[in-house]
Amino acid sequence: MGKLRYICFLVFMLIWQVSISQITHPKMSPFSSVKQEIGLVTITIDYSRPSARGRNIVGDLMPYDRIWRVGANESTKFTTSHDITIGEHLLKKGTYVLYAIPHKEYWEVIFHTNLTHWGDGRTDYKPQEDAFRIQIKPEKTADFQETFLITLNHLDHNSGIMEWIWEHTKVSIPIKVDTHEMMLGRIKTLLKDNPTAMSYYQAARYYQEQDHDLIKALKWLDKAETLGGRTYYIHRIRSLVLEKKKDYKNAIKEAKASLKIADSLGKDEFVRMNQKNIEKLQKLL
């Protein structure tokens, strides 16, 4: 028993010594992750953020004409949930490494398929493993960015801009997504089997927002009302569809119906929206 206790004691001391010897240090370039929806696409960027700390960056710490990892530590990963377009290039859904080669007049932005390289992969990097490269002219910024930043900005249903910002330099990479075709496919599936009133309403609302096949949108609103009854939001969207068709008289009628139901339910926001729209439509008669 004494021998067994001694062995257990030795094992415990060994584990304890190993645990205290492995100190986790804070990173000079901390990890960050950006997750952003563009339309129905989700884009995730995992990278580490170095800081200038008084150093000259572009052309010095980040030399011209040499590959850069777009951050620090491990290679920067770019993941898209669906096919997208970068510049004029199709990028299939999946994960890629972001690299860049800064030049004095322009930058080469690289989407690379080999995910195994650590850092910039200079010794093992092979250009033939690039998905593609695009050339981007960098911008000079008035404000100084101390810590390297990747952000997705200027967003709408169909596009966004990935921005890399450090020191007084910003590189903007355009992203396009085909939200409309994706939505048409989803609507087709949604309305295929036992659609509900809400299914028809959501489909009609999207068509109204995109100014797409307004006659079909009105038919779907009728079906939504048949299945779910009169609602302030069905009347609201029908009013907006009729406005786009320049049927201002019936658009006002539908807006008033929406306002009345919304008022009875205490939906003040919809009351105000309908009042404002009625005033606008009356001027168009």
# chains A, B, ... in the order shown; residues from 1 in each chain; ligands from 1
call {"tool": "closest_atom_pairs", "arguments": {"of": "stretch 143-216 of chain A", "to": "stretch 52-67 of chain A", "cutoff": "9 Å", "atoms": "only C-alpha atoms", "output": "CSV"}}
result
residue,atom,partner,partner_atom,distance
A:Gln145,CA,A:Ala52,CA,8.4
A:Glu146,CA,A:Ala52,CA,5.5
A:Thr147,CA,A:Ala52,CA,6.4
A:Phe148,CA,A:Ala52,CA,8.0
A:Trp166,CA,A:Ile57,CA,8.0
A:Glu167,CA,A:Ile57,CA,6.8
A:His168,CA,A:Val58,CA,8.9
A:Thr169,CA,A:Val58,CA,7.9
call {"tool": "write_last_selection", "arguments": {"atoms": "N, CA, C and O atoms", "output": "compact mmCIF listing (two decimals), in the first residue's frame"}}
result
# COMPACT_ATOMS: atom_id res chain seq x y z
N GLN A 145 -4.55 53.82 -38.22
CA GLN A 145 -5.06 52.57 -37.65
C GLN A 145 -3.91 51.85 -36.97
O GLN A 145 -3.02 51.32 -37.63
N GLU A 146 -3.92 51.83 -35.65
CA GLU A 146 -2.82 51.24 -34.89
C GLU A 146 -2.77 49.71 -35.03
O GLU A 146 -1.72 49.13 -35.29
N THR A 147 -3.91 49.06 -34.87
CA THR A 147 -3.96 47.60 -34.91
C THR A 147 -4.64 47.15 -36.19
O THR A 147 -5.72 47.63 -36.53
N PHE A 148 -4.01 46.23 -36.90
CA PHE A 148 -4.52 45.75 -38.18
C PHE A 148 -5.97 45.31 -38.04
O PHE A 148 -6.33 44.60 -37.10
N TRP A 166 -4.63 49.26 -42.04
CA TRP A 166 -3.50 49.31 -41.12
C TRP A 166 -2.66 50.54 -41.44
O TRP A 166 -2.47 50.86 -42.61
N GLU A 167 -2.19 51.19 -40.37
CA GLU A 167 -1.41 52.42 -40.51
C GLU A 167 -2.28 53.44 -41.27
O GLU A 167 -3.39 53.73 -40.85
N HIS A 168 -1.81 53.93 -42.40
CA HIS A 168 -2.61 54.85 -43.21
C HIS A 168 -3.01 54.20 -44.53
O HIS A 168 -3.23 54.90 -45.53
N THR A 169 -3.14 52.88 -44.56
CA THR A 169 -3.43 52.15 -45.79
C THR A 169 -4.72 51.36 -45.65
O THR A 169 -4.95 50.70 -44.62
call {"tool": "select_by_dssp", "arguments": {"residues": "stretch 39-272 of chain A", "states": "strand (DSSP E or B)", "output": "ChimeraX atom specification"}}
result
/A:41-48,51,58,62,68,76-80,84-86,89-91,94-102,107-112,130-136,139-153,159-176
call {"tool": "select_by_dssp", "arguments": {"residues": "stretch 35-276 of chain A", "states": "helix (DSSP H, G or I)", "output": "PyMOL selection string"}}
result
chain A and resi 127-129+179-190+197-210+214-228+232-244+248-264+268-276
call {"tool": "closest_residue", "arguments": {"among": "A:Val171, A:Val271, A:Ile234, A:Leu218", "to": "A:Glu254", "atoms": "only C-alpha atoms"}}
result
A:Ile234
call {"tool": "residues_around", "arguments": {"residues": "stretch 262-265 of chain A", "least_positions_apart": "4", "cutoff": "10 Å", "atoms": "only C-alpha atoms", "output": "list of chain:residue names"}}
result
A:Thr231, A:Tyr232, A:Tyr233, A:Arg236, A:Lys256, A:Ala257, A:Ser258, A:Glu269, A:Phe270, A:Val271, A:Arg272, A:Asn274
call {"tool": "closest_residue", "arguments": {"among": "A:Lys244, A:Lys260, A:His117, A:Lys140", "to": "A:Ile165", "atoms": "only C-alpha atoms"}}
result
A:Lys140
call {"tool": "residues_around", "arguments": {"residues": "A:Thr196", "least_positions_apart": "5", "cutoff": "9 Å", "atoms": "only C-alpha atoms", "output": "ChimeraX atom specification"}}
result
/A:191,201,224,227-228
call {"tool": "atom_distance", "arguments": {"atom1": "atom CA of A:Ile252", "atom2": "atom CA of A:Asp211"}}
result
18.8 Å
call {"tool": "residues_around", "arguments": {"residues": "A:Leu285", "least_positions_apart": "3", "cutoff": "12 Å", "atoms": "only C-alpha atoms", "output": "number ranges by chain"}}
result
A: 243, 246-252, 278-282
call {"tool": "write_last_selection", "arguments": {"atoms": "C-alpha atoms", "output": "PDB file, in the first residue's frame"}}
result
ATOM      1  CA  GLU A 243     -48.234  51.841 -55.366  1.00  0.00           C
ATOM      2  CA  LYS A 246     -49.301  53.165 -59.922  1.00  0.00           C
ATOM      3  CA  ASP A 247     -52.755  52.126 -58.751  1.00  0.00           C
ATOM      4  CA  TYR A 248     -52.761  54.892 -56.158  1.00  0.00           C
ATOM      5  CA  LYS A 249     -56.494  54.799 -55.396  1.00  0.00           C
ATOM      6  CA  ASN A 250     -56.469  51.140 -54.324  1.00  0.00           C
ATOM      7  CA  ALA A 251     -53.077  51.587 -52.667  1.00  0.00           C
ATOM      8  CA  ILE A 252     -54.658  54.208 -50.376  1.00  0.00           C
ATOM      9  CA  ILE A 278     -51.416  57.765 -47.398  1.00  0.00           C
ATOM     10  CA  GLU A 279     -50.365  61.431 -47.375  1.00  0.00           C
ATOM     11  CA  LYS A 280     -47.806  60.734 -50.088  1.00  0.00           C
ATOM     12  CA  LEU A 281     -50.229  58.719 -52.224  1.00  0.00           C
ATOM     13  CA  GLN A 282     -52.994  61.337 -52.024  1.00  0.00           C
TER      14      GLN A 282
END
call {"tool": "closest_residue", "arguments": {"among": "A:Pro127, A:Gly71, A:Gly229, A:Gly94", "to": "A:Val41", "atoms": "only C-alpha atoms"}}
result
A:Gly94
call {"tool": "residues_around", "arguments": {"residues": "A:Tyr200", "least_positions_apart": "3", "cutoff": "7 Å", "atoms": "only C-alpha atoms", "output": "MDAnalysis selection string"}}
result
chainID A and resid 195:197 203:204 220:221 223:224
call {"tool": "write_last_selection", "arguments": {"atoms": "N, CA, C and O atoms", "output": "mmCIF file, in the first residue's frame"}}
result
data_model
loop_
_atom_site.group_PDB
_atom_site.id
_atom_site.type_symbol
_atom_site.label_atom_id
_atom_site.label_comp_id
_atom_site.auth_asym_id
_atom_site.auth_seq_id
_atom_site.Cartn_x
_atom_site.Cartn_y
_atom_site.Cartn_z
ATOM 1 N N PRO A 195 -47.942 25.205 -48.444
ATOM 2 C CA PRO A 195 -47.540 26.530 -47.964
ATOM 3 C C PRO A 195 -48.572 27.111 -47.018
ATOM 4 O O PRO A 195 -49.774 26.902 -47.167
ATOM 5 N N THR A 196 -48.097 27.855 -46.040
ATOM 6 C CA THR A 196 -48.963 28.519 -45.075
ATOM 7 C C THR A 196 -49.235 29.952 -45.524
ATOM 8 O O THR A 196 -48.657 30.445 -46.492
ATOM 9 N N ALA A 197 -50.109 30.624 -44.760
ATOM 10 C CA ALA A 197 -50.373 32.035 -45.044
ATOM 11 C C ALA A 197 -49.085 32.845 -44.945
ATOM 12 O O ALA A 197 -48.823 33.729 -45.775
ATOM 13 N N ALA A 203 -43.150 35.434 -49.346
ATOM 14 C CA ALA A 203 -42.783 35.413 -50.767
ATOM 15 C C ALA A 203 -43.227 36.710 -51.444
ATOM 16 O O ALA A 203 -42.465 37.327 -52.204
ATOM 17 N N ALA A 204 -44.460 37.146 -51.162
ATOM 18 C CA ALA A 204 -44.980 38.380 -51.765
ATOM 19 C C ALA A 204 -44.185 39.587 -51.290
ATOM 20 O O ALA A 204 -43.903 40.505 -52.076
ATOM 21 N N TRP A 220 -50.253 36.048 -54.442
ATOM 22 C CA TRP A 220 -49.805 35.400 -53.214
ATOM 23 C C TRP A 220 -50.388 36.080 -51.979
ATOM 24 O O TRP A 220 -50.704 35.420 -50.980
ATOM 25 N N LEU A 221 -50.535 37.386 -52.016
ATOM 26 C CA LEU A 221 -51.156 38.101 -50.897
ATOM 27 C C LEU A 221 -52.618 37.690 -50.743
ATOM 28 O O LEU A 221 -53.122 37.555 -49.612
ATOM 29 N N LYS A 223 -53.817 34.750 -51.515
ATOM 30 C CA LYS A 223 -53.787 33.410 -50.921
ATOM 31 C C LYS A 223 -53.447 33.475 -49.434
ATOM 32 O O LYS A 223 -54.009 32.732 -48.627
ATOM 33 N N ALA A 224 -52.536 34.385 -49.073
ATOM 34 C CA ALA A 224 -52.187 34.552 -47.660
ATOM 35 C C ALA A 224 -53.401 35.010 -46.855
ATOM 36 O O ALA A 224 -53.650 34.516 -45.743
#
call {"tool": "atom_distance", "arguments": {"atom1": "atom CA of A:Ser159", "atom2": "atom CA of A:Ala131"}}
result
20.4 Å
